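A.B. asks: Following this line is structure.txt, made up of compact mmCIF, C-alpha atoms:
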```
# COMPACT_ATOMS: atom_id res chain seq x y z
CA MET A 1 64.60 111.42 101.31
CA LYS A 2 62.64 108.69 103.08
CA ASN A 3 61.98 105.38 101.34
CA LYS A 4 60.42 101.96 101.86
CA ILE A 5 63.16 99.91 100.21
CA ARG A 6 64.06 97.98 103.38
CA VAL A 7 60.44 96.92 103.92
CA LEU A 8 59.88 96.03 100.26
CA ARG A 9 63.10 94.08 100.20
CA ALA A 10 62.16 92.18 103.36
CA GLU A 11 58.76 91.31 101.89
CA ARG A 12 60.51 89.69 98.92
CA LYS A 13 63.30 88.21 101.09
CA TRP A 14 65.96 89.94 99.01
CA SER A 15 69.30 90.88 100.50
CA GLN A 16 70.83 94.27 99.78
CA ALA A 17 73.36 92.53 97.54
CA GLU A 18 70.59 90.82 95.61
CA LEU A 19 68.69 94.05 95.00
CA ALA A 20 71.97 95.76 94.07
CA ALA A 21 72.71 93.06 91.47
CA ARG A 22 69.19 93.31 90.08
CA VAL A 23 69.42 97.09 89.49
CA GLY A 24 73.12 97.00 88.55
CA VAL A 25 74.70 99.01 91.36
CA SER A 26 76.94 98.24 94.35
CA ARG A 27 75.58 96.99 97.69
CA ASN A 28 76.93 100.19 99.29
CA SER A 29 74.59 102.21 97.07
CA ILE A 30 71.53 100.30 98.25
CA ASN A 31 72.66 100.51 101.89
CA SER A 32 73.17 104.29 101.69
CA ILE A 33 69.85 104.84 99.91
CA GLU A 34 67.99 102.68 102.45
CA ASN A 35 69.52 104.61 105.35
CA GLY A 36 68.64 107.96 103.77
CA HIS A 37 72.27 109.03 103.36
CA PHE A 38 72.21 109.09 99.57
CA ASP A 39 69.51 110.20 97.12
CA PRO A 40 69.45 108.06 93.97
CA SER A 41 69.37 109.55 90.49
CA LEU A 42 66.08 109.53 88.63
CA SER A 43 67.20 106.60 86.45
CA LEU A 44 68.21 104.53 89.49
CA ALA A 45 64.97 105.42 91.27
CA PHE A 46 63.06 104.20 88.17
CA ALA A 47 65.13 101.01 88.09
CA ILE A 48 64.36 100.34 91.77
CA ALA A 49 60.67 101.10 91.27
CA ASP A 50 60.55 98.77 88.23
CA MET A 51 62.20 96.01 90.26
CA PHE A 52 59.46 96.21 92.91
CA ASP A 53 56.78 96.73 90.23
CA LEU A 54 55.74 99.99 91.88
CA ARG A 55 55.83 103.71 91.06
CA ILE A 56 58.65 105.93 92.32
CA GLU A 57 56.27 107.85 94.59
CA ASP A 58 55.15 104.55 96.17
CA ILE A 59 58.74 103.96 97.34
CA PHE A 60 60.30 107.37 97.86
CA GLU A 61 58.86 110.15 99.95
CA ARG A 62 60.03 113.75 100.13
CA GLU A 63 61.00 114.99 103.55
CA PRO A 64 59.38 118.27 104.64
CA LYS A 65 61.51 121.33 103.97
CA ARG A 66 63.17 122.81 107.02
CA SER A 67 61.92 126.27 107.88
CA PRO A 68 64.69 128.92 107.59
CA MET B 1 58.95 82.29 88.90
CA PRO B 2 62.00 81.99 91.22
CA SER B 3 63.70 79.75 88.66
CA VAL B 4 63.28 82.44 85.98
CA LEU B 5 64.72 85.08 88.30
CA GLY B 6 67.52 82.73 89.28
CA ALA B 7 68.37 82.07 85.64
CA GLU B 8 68.29 85.82 84.95
CA ARG B 9 70.66 86.43 87.86
CA THR B 10 73.03 83.66 86.78
CA PHE B 11 73.08 85.10 83.26
CA ARG B 12 73.82 88.57 84.61
CA GLU B 13 76.60 87.25 86.89
CA GLN B 14 78.17 85.24 84.05
CA LYS B 15 77.99 88.26 81.75
CA MET B 16 79.57 90.57 84.35
CA SER B 17 82.22 87.98 85.21
CA SER B 18 83.29 87.44 81.58
CA HIS B 19 83.21 91.22 81.00
CA HIS B 20 85.54 91.79 83.97
CA GLN B 21 87.82 88.92 82.93
CA SER B 22 88.23 90.31 79.40
CA ARG B 23 89.31 93.69 80.78
CA LEU B 24 91.91 92.26 83.21
CA PRO B 25 94.86 91.87 80.76
CA LEU B 26 94.26 95.40 79.45
CA GLN B 27 94.17 96.78 82.98
CA ALA B 28 97.37 94.91 83.88
CA LEU B 29 99.06 96.29 80.75
CA LEU B 30 97.94 99.84 81.52
CA LEU B 31 99.06 99.51 85.15
CA ALA B 32 102.47 98.31 83.95
CA LEU B 33 102.67 101.21 81.47
CA MET B 34 101.82 103.58 84.30
CA LEU B 35 104.36 102.24 86.82
CA ILE B 36 107.32 101.00 84.77
CA PRO B 37 108.37 104.32 83.09
CA PRO B 38 108.83 106.36 86.31
CA LEU B 39 110.48 103.40 88.09
CA SER B 40 112.82 102.96 85.12
CA VAL B 41 113.73 106.65 85.21
CA VAL B 42 114.55 106.43 88.92
CA ALA B 43 116.56 103.23 88.38
CA ALA B 44 118.43 104.82 85.46
CA ILE B 45 119.43 107.99 87.31
CA PRO B 46 123.14 107.02 87.48
CA TRP B 47 123.15 106.40 83.70
CA LEU B 48 121.05 109.50 82.95
CA ARG B 49 123.59 111.66 84.81
CA GLN B 50 126.16 110.79 82.14
CA GLN B 51 123.85 111.66 79.24
CA PRO B 52 123.43 115.07 77.57
CA ASP B 53 120.53 117.24 78.79
CA GLY B 54 118.58 116.79 75.54
CA MET B 55 118.59 113.01 75.92
CA VAL B 56 117.55 113.25 79.59
CA PHE B 57 114.61 115.56 78.76
CA LEU B 58 113.55 113.34 75.86
CA LEU B 59 113.57 110.14 77.93
CA THR B 60 111.92 111.65 81.01
CA GLY B 61 109.33 113.39 78.79
CA ALA B 62 108.51 110.12 77.03
CA ALA B 63 108.23 108.34 80.40
CA SER B 64 105.90 111.05 81.73
CA ALA B 65 103.73 110.92 78.59
CA LEU B 66 103.40 107.14 78.83
CA THR B 67 102.46 107.33 82.51
CA ILE B 68 99.89 110.09 81.91
CA VAL B 69 98.25 108.33 78.94
CA ALA B 70 98.11 104.99 80.79
CA SER B 71 96.68 106.57 83.94
CA PHE B 72 94.02 108.40 81.88
CA ALA B 73 93.03 105.14 80.14
CA LEU B 74 92.92 103.31 83.51
CA ALA B 75 90.79 106.10 85.00
CA ILE B 76 88.33 105.85 82.08
CA LEU B 77 88.08 102.05 82.43
CA HIS B 78 87.58 102.38 86.18
CA ASP B 79 84.96 105.12 85.77
CA ARG B 80 82.87 102.91 83.44
CA LYS B 81 82.59 100.28 86.17
CA MET B 82 81.44 102.70 88.86
CA ASP B 83 77.85 103.34 89.87
CA GLU B 84 76.53 106.75 90.93
CA TRP B 85 77.26 106.20 94.64
CA GLN B 86 80.89 105.37 93.85
CA ARG B 87 81.14 108.38 91.50
CA THR B 88 79.81 110.66 94.22
CA ASN B 89 82.36 109.16 96.60
CA ALA B 90 85.17 109.75 94.05
CA ARG B 91 84.02 113.33 93.45
CA PHE B 92 83.88 114.08 97.18
CA SER B 93 87.23 112.46 98.00
CA SER B 94 89.09 113.95 95.05
CA GLN B 95 87.66 117.42 95.65
CA TRP B 96 88.58 117.48 99.34
CA GLY B 97 91.61 115.21 99.07
CA TRP B 98 93.34 117.43 96.51
CA ALA B 99 92.57 120.58 98.50
CA ALA B 100 93.76 118.99 101.77
CA GLY B 101 96.92 117.63 100.11
CA ALA B 102 97.81 121.00 98.59
CA GLY B 103 97.22 122.71 101.94
CA LEU B 104 99.30 120.08 103.72
CA VAL B 105 102.29 120.64 101.43
CA GLY B 106 101.95 124.39 101.99
CA LEU B 107 101.97 123.83 105.75
CA LEU B 108 104.87 121.36 105.60
CA LEU B 109 106.95 123.87 103.61
CA ALA B 110 106.77 126.16 106.64
CA LEU B 111 108.50 123.51 108.78
CA PRO B 112 112.34 123.57 108.73
CA PRO B 113 112.73 119.73 109.01
CA PHE B 114 110.63 119.27 105.85
CA ARG B 115 112.67 121.84 103.94
CA GLU B 116 115.88 120.16 105.13
CA LEU B 117 114.55 116.81 103.95
CA ILE B 118 113.94 118.23 100.46
CA VAL B 119 117.40 119.79 100.36
CA SER B 120 119.06 116.57 101.47
CA ALA B 121 117.07 114.54 98.88
CA VAL B 122 118.15 116.97 96.14
CA ALA B 123 121.76 116.84 97.36
CA ASN B 124 121.70 113.03 97.23
CA LEU B 125 120.01 112.79 93.82
CA ALA B 126 122.10 115.49 92.15
CA GLU B 127 125.29 114.44 94.03
CA VAL B 128 125.94 118.01 95.11
CA GLN B 129 127.43 118.84 98.47
CA ASN B 130 125.81 121.66 100.46
CA PRO B 131 123.31 122.94 97.84
CA ASP B 132 121.83 126.40 98.42
CA GLN B 133 118.91 125.68 100.77
CA LYS B 134 117.03 128.83 99.78
CA LEU B 135 117.37 128.05 96.07
CA VAL B 136 116.20 124.42 96.46
CA THR B 137 113.22 125.42 98.62
CA LEU B 138 112.24 128.17 96.18
CA ALA B 139 112.51 125.81 93.19
CA PHE B 140 110.38 123.21 95.02
CA THR B 141 107.80 125.85 96.01
CA PHE B 142 107.55 127.19 92.45
CA GLY B 143 107.24 123.65 91.09
CA PHE B 144 104.46 122.92 93.57
CA MET B 145 102.73 126.22 92.73
CA ALA B 146 102.95 125.37 89.02
CA VAL B 147 101.20 122.03 89.64
CA VAL B 148 98.43 123.65 91.70
CA ALA B 149 97.98 126.45 89.14
CA ALA B 150 97.90 123.96 86.24
CA GLN B 151 95.30 121.86 88.07
CA GLY B 152 93.19 124.96 88.71
CA LEU B 153 93.45 125.99 85.06
CA CYS B 154 92.61 122.49 83.80
CA THR B 155 89.65 122.35 86.21
CA VAL B 156 88.29 125.60 84.72
CA VAL B 157 88.82 124.30 81.15
CA ALA B 158 87.15 120.97 82.01
CA SER B 159 84.25 122.82 83.65
CA ILE B 160 83.74 125.01 80.56
CA GLY B 161 83.93 121.92 78.32
CA TRP B 162 81.41 120.05 80.48
CA THR B 163 79.06 123.07 80.46
CA PHE B 164 79.14 123.23 76.63
CA TRP B 165 78.74 119.46 76.36
CA LYS B 166 75.72 119.34 78.66
CA SER B 167 74.16 122.48 77.12
CA ARG B 168 74.12 121.08 73.58
CA PRO B 169 70.77 120.76 71.82
CA ALA B 170 68.72 117.59 72.22
CA ARG B 171 69.37 114.79 69.71
CA ASP B 172 65.66 114.46 69.02
CA PRO B 173 63.97 117.88 69.34
CA SER B 174 60.49 116.30 69.34
```
Any chance you could give the structure as structure tokens?
C.D. replies:
Amino acid sequence: MKNKIRVLRAERKWSQAELAARVGVSRNSINSIENGHFDPSLSLAFAIADMFDLRIEDIFEREPKRSP
Amino acid sequence: MPSVLGAERTFREQKMSSHHQSRLPLQALLLALMLIPPLSVVAAIPWLRQQPDGMVFLLTGAASALTIVASFALAILHDRKMDEWQRTNARFSSQWGWAAGAGLVGLLLALPPFRELIVSAVANLAEVQNPDQKLVTLAFTFGFMAVVAAQGLCTVVASIGWTFWKSRPARDPS
């Protein structure tokens, strides 16, 4: 799943650790989510969206399904 | 605005710090309860050899129970601190780690040096000269199979329990 967390974070000059502390997860979580290696749960996605004062769909974007 | 956010962060850090500090003595106690019983049993082997079987089973059983209860409590405390990324990591590593470890023991049992190592360890611990290699290897294999089978059975039971737990009706049907 693609996301704009890195850009949004940079706009606010927040480090990964700072965002992690704000939403109550580890820095590794934020790093993995940013790099697209880990999809957050719905509650974490809401927490991240709330932190940036945006909607989930403004931050996360579904990747197109691969054709079989 | 930054000062409000800074104050909020400081409050959160202080809260987390005091929360972690309050748990430390409990964790240290549980770690001690987990490690001391098996180490005591190993240290007391010369004394245990002179005791009747009933006493040996009672003491080793009590030591095992203490270790299991303490490790369960430690696991629960640790799990409460983890976020979803760490839980996914734990699930992945335990799932594949247990399977790889069980497979590795199975492979090692096929190697004569490993079997000889087990036999020599048993001979040293039990103070028996030239124990029956076939008997020791079979007993070890059956013990190992019992652990793997018990883990499989407990996994099925835990899975059924989790399914029932997560399939229960909503608290508020509205």
A.B. asks: Go ahead and compute the interatomic distance for atom CA of B:Leu153 and atom CA of B:Trp85, in Å to one decimal.
C.D. replies: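 Spanning atom CA of B:Leu153 to atom CA of B:Trp85 is a straight-line distance of 27.3 Å.
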A.B. asks: Using 12 Å as the limit and counting all atoms listed in the file, can you tabulate each residue of chain A that touches chain B, with its shortest atom-to-atom distance in Å and the two atoms involved, as JSON lines?
C.D. replies:
```
{"residue": "A:Arg12", "atom": "CA", "partner": "B:Pro2", "partner_atom": "CA", "distance": 11.0}
{"residue": "A:Lys13", "atom": "CA", "partner": "B:Pro2", "partner_atom": "CA", "distance": 11.7}
{"residue": "A:Trp14", "atom": "CA", "partner": "B:Pro2", "partner_atom": "CA", "distance": 11.8}
{"residue": "A:Ala17", "atom": "CA", "partner": "B:Arg9", "partner_atom": "CA", "distance": 11.8}
{"residue": "A:Glu18", "atom": "CA", "partner": "B:Arg9", "partner_atom": "CA", "distance": 8.9}
{"residue": "A:Leu19", "atom": "CA", "partner": "B:Arg9", "partner_atom": "CA", "distance": 10.6}
{"residue": "A:Ala20", "atom": "CA", "partner": "B:Asp83", "partner_atom": "CA", "distance": 10.5}
{"residue": "A:Ala21", "atom": "CA", "partner": "B:Arg9", "partner_atom": "CA", "distance": 7.8}
{"residue": "A:Arg22", "atom": "CA", "partner": "B:Arg9", "partner_atom": "CA", "distance": 7.4}
{"residue": "A:Val23", "atom": "CA", "partner": "B:Asp83", "partner_atom": "CA", "distance": 10.5}
{"residue": "A:Gly24", "atom": "CA", "partner": "B:Asp83", "partner_atom": "CA", "distance": 8.0}
{"residue": "A:Val25", "atom": "CA", "partner": "B:Asp83", "partner_atom": "CA", "distance": 5.6}
{"residue": "A:Ser26", "atom": "CA", "partner": "B:Asp83", "partner_atom": "CA", "distance": 6.8}
{"residue": "A:Arg27", "atom": "CA", "partner": "B:Trp85", "partner_atom": "CA", "distance": 9.8}
{"residue": "A:Asn28", "atom": "CA", "partner": "B:Trp85", "partner_atom": "CA", "distance": 7.6}
{"residue": "A:Ser29", "atom": "CA", "partner": "B:Trp85", "partner_atom": "CA", "distance": 5.4}
{"residue": "A:Ile30", "atom": "CA", "partner": "B:Trp85", "partner_atom": "CA", "distance": 9.0}
{"residue": "A:Asn31", "atom": "CA", "partner": "B:Trp85", "partner_atom": "CA", "distance": 10.3}
{"residue": "A:Ser32", "atom": "CA", "partner": "B:Trp85", "partner_atom": "CA", "distance": 8.4}
{"residue": "A:Ile33", "atom": "CA", "partner": "B:Trp85", "partner_atom": "CA", "distance": 9.2}
{"residue": "A:His37", "atom": "CA", "partner": "B:Trp85", "partner_atom": "CA", "distance": 10.4}
{"residue": "A:Phe38", "atom": "CA", "partner": "B:Trp85", "partner_atom": "CA", "distance": 7.6}
{"residue": "A:Asp39", "atom": "CA", "partner": "B:Trp85", "partner_atom": "CA", "distance": 9.1}
{"residue": "A:Pro40", "atom": "CA", "partner": "B:Glu84", "partner_atom": "CA", "distance": 7.8}
{"residue": "A:Ser41", "atom": "CA", "partner": "B:Glu84", "partner_atom": "CA", "distance": 7.7}
{"residue": "A:Leu42", "atom": "CA", "partner": "B:Glu84", "partner_atom": "CA", "distance": 11.1}
{"residue": "A:Ser43", "atom": "CA", "partner": "B:Glu84", "partner_atom": "CA", "distance": 10.4}
{"residue": "A:Leu44", "atom": "CA", "partner": "B:Glu84", "partner_atom": "CA", "distance": 8.7}
{"residue": "A:Ala45", "atom": "CA", "partner": "B:Glu84", "partner_atom": "CA", "distance": 11.6}
{"residue": "A:Met51", "atom": "CA", "partner": "B:Leu5", "partner_atom": "CA", "distance": 11.4}
```
A.B. asks: Would you mind exporting C-alpha atoms of the selected residues as a CSV table (one decimal), in the frame of the given file?
C.D. replies:
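Contents of the output file part-v6.csv:
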```csv
chain,number,residue,atom,x,y,z
A,12,ARG,CA,60.5,89.7,98.9
A,13,LYS,CA,63.3,88.2,101.1
A,14,TRP,CA,66.0,89.9,99.0
A,17,ALA,CA,73.4,92.5,97.5
A,18,GLU,CA,70.6,90.8,95.6
A,19,LEU,CA,68.7,94.0,95.0
A,20,ALA,CA,72.0,95.8,94.1
A,21,ALA,CA,72.7,93.1,91.5
A,22,ARG,CA,69.2,93.3,90.1
A,23,VAL,CA,69.4,97.1,89.5
A,24,GLY,CA,73.1,97.0,88.6
A,25,VAL,CA,74.7,99.0,91.4
A,26,SER,CA,76.9,98.2,94.4
A,27,ARG,CA,75.6,97.0,97.7
A,28,ASN,CA,76.9,100.2,99.3
A,29,SER,CA,74.6,102.2,97.1
A,30,ILE,CA,71.5,100.3,98.2
A,31,ASN,CA,72.7,100.5,101.9
A,32,SER,CA,73.2,104.3,101.7
A,33,ILE,CA,69.8,104.8,99.9
A,37,HIS,CA,72.3,109.0,103.4
A,38,PHE,CA,72.2,109.1,99.6
A,39,ASP,CA,69.5,110.2,97.1
A,40,PRO,CA,69.4,108.1,94.0
A,41,SER,CA,69.4,109.6,90.5
A,42,LEU,CA,66.1,109.5,88.6
A,43,SER,CA,67.2,106.6,86.4
A,44,LEU,CA,68.2,104.5,89.5
A,45,ALA,CA,65.0,105.4,91.3
A,51,MET,CA,62.2,96.0,90.3
```
A.B. asks: With all atoms listed in the file as the counted atoms, please give the residues lying no more than 7 Å from A:Arg6, apart from itself and same-chain residues fewer than 3 positions off, as a list of chain:residue names.
C.D. replies: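 That gives A:Arg9, A:Ala10, A:Glu34.
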A.B. asks: As an exercise, work out the distance from atom CA of B:Ser71 to atom CA of B:Met34 in Å and give it to one decimal place.
C.D. replies: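 Distance between the two atoms: 6.0 Å.
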A.B. asks: Hey, can you check how far atom CA of B:Ala32 sits from atom CA of B:Ser93?
C.D. replies: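 These two atoms are separated by 25.1 Å.
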A.B. asks: Pick out the residues sitting within 12 Å of B:Gly152, and hand them over as a compact mmCIF listing (two decimals) with C-alpha atoms, in the coordinates of the input; count all atoms listed in the file, and ignore anything fewer than 5 positions along from it in its own chain.
C.D. replies:
```txt
# COMPACT_ATOMS: atom_id res chain seq x y z
CA GLN B 95 87.66 117.42 95.65
CA TRP B 98 93.34 117.43 96.51
CA ALA B 99 92.57 120.58 98.50
CA ALA B 102 97.81 121.00 98.59
CA MET B 145 102.73 126.22 92.73
CA ALA B 146 102.95 125.37 89.02
CA VAL B 147 101.20 122.03 89.64
CA VAL B 157 88.82 124.30 81.15
CA ALA B 158 87.15 120.97 82.01
CA SER B 159 84.25 122.82 83.65
```
A.B. asks: What are the centre and edge lengths in Å, to one decimal, of the axis-aligned box around all listed atoms of stretch 3-22 of chain A with 4 Å added on each side, as JSON?
C.D. replies:
```
{"center_x": 66.1, "center_y": 96.8, "center_z": 97.0, "size_x": 22.6, "size_y": 25.2, "size_z": 21.8}
```
A.B. asks: Could you write stretch 121-146 of chain B as a short mmCIF file (atom, residue, chain, number, x, y, z; two decimals), in the coordinates of the input, with N, CA and C atoms rebuilt where they are missing?
C.D. replies:
```
data_model
loop_
_atom_site.label_atom_id
_atom_site.label_comp_id
_atom_site.auth_asym_id
_atom_site.auth_seq_id
_atom_site.Cartn_x
_atom_site.Cartn_y
_atom_site.Cartn_z
N ALA B 121 117.44 115.45 100.00
CA ALA B 121 117.07 114.54 98.88
C ALA B 121 117.66 115.06 97.58
N VAL B 122 117.58 116.38 97.36
CA VAL B 122 118.15 116.97 96.14
C VAL B 122 119.67 116.78 96.12
N ALA B 123 120.30 116.99 97.28
CA ALA B 123 121.76 116.84 97.36
C ALA B 123 122.16 115.41 97.02
N ASN B 124 121.38 114.44 97.51
CA ASN B 124 121.70 113.03 97.23
C ASN B 124 121.49 112.68 95.76
N LEU B 125 120.34 113.13 95.21
CA LEU B 125 120.01 112.79 93.82
C LEU B 125 120.96 113.45 92.83
N ALA B 126 121.26 114.74 93.09
CA ALA B 126 122.10 115.49 92.15
C ALA B 126 123.60 115.33 92.48
N GLU B 127 123.89 114.64 93.58
CA GLU B 127 125.29 114.44 94.03
C GLU B 127 126.01 115.78 94.16
N VAL B 128 125.35 116.69 94.87
CA VAL B 128 125.94 118.01 95.11
C VAL B 128 126.08 118.17 96.62
N GLN B 129 127.23 118.64 97.03
CA GLN B 129 127.43 118.84 98.47
C GLN B 129 127.02 120.26 98.84
N ASN B 130 126.28 120.37 99.94
CA ASN B 130 125.81 121.66 100.46
C ASN B 130 125.13 122.53 99.39
N PRO B 131 124.01 122.07 98.81
CA PRO B 131 123.31 122.94 97.84
C PRO B 131 122.69 124.14 98.57
N ASP B 132 122.43 125.20 97.83
CA ASP B 132 121.83 126.40 98.42
C ASP B 132 120.41 126.07 98.88
N GLN B 133 120.21 126.09 100.20
CA GLN B 133 118.91 125.68 100.77
C GLN B 133 117.77 126.58 100.28
N LYS B 134 118.06 127.88 100.20
CA LYS B 134 117.03 128.83 99.78
C LYS B 134 116.62 128.56 98.33
N LEU B 135 117.62 128.28 97.50
CA LEU B 135 117.37 128.05 96.07
C LEU B 135 116.54 126.77 95.88
N VAL B 136 116.92 125.70 96.59
CA VAL B 136 116.20 124.42 96.46
C VAL B 136 114.76 124.58 96.93
N THR B 137 114.58 125.25 98.08
CA THR B 137 113.22 125.42 98.62
C THR B 137 112.37 126.26 97.68
N LEU B 138 112.98 127.32 97.13
CA LEU B 138 112.24 128.17 96.18
C LEU B 138 111.85 127.39 94.93
N ALA B 139 112.79 126.60 94.41
CA ALA B 139 112.51 125.81 93.19
C ALA B 139 111.38 124.82 93.47
N PHE B 140 111.43 124.17 94.65
CA PHE B 140 110.38 123.21 95.02
C PHE B 140 109.03 123.93 95.14
N THR B 141 109.04 125.10 95.80
CA THR B 141 107.80 125.85 96.01
C THR B 141 107.19 126.27 94.67
N PHE B 142 108.06 126.77 93.76
CA PHE B 142 107.55 127.19 92.45
C PHE B 142 107.02 125.99 91.66
N GLY B 143 107.71 124.86 91.77
CA GLY B 143 107.24 123.65 91.09
C GLY B 143 105.87 123.24 91.61
N PHE B 144 105.74 123.28 92.93
CA PHE B 144 104.46 122.92 93.57
C PHE B 144 103.36 123.90 93.15
N MET B 145 103.72 125.20 93.14
CA MET B 145 102.73 126.22 92.73
C MET B 145 102.32 126.01 91.28
N ALA B 146 103.26 125.61 90.44
CA ALA B 146 102.95 125.37 89.02
C ALA B 146 101.95 124.23 88.89
#
```
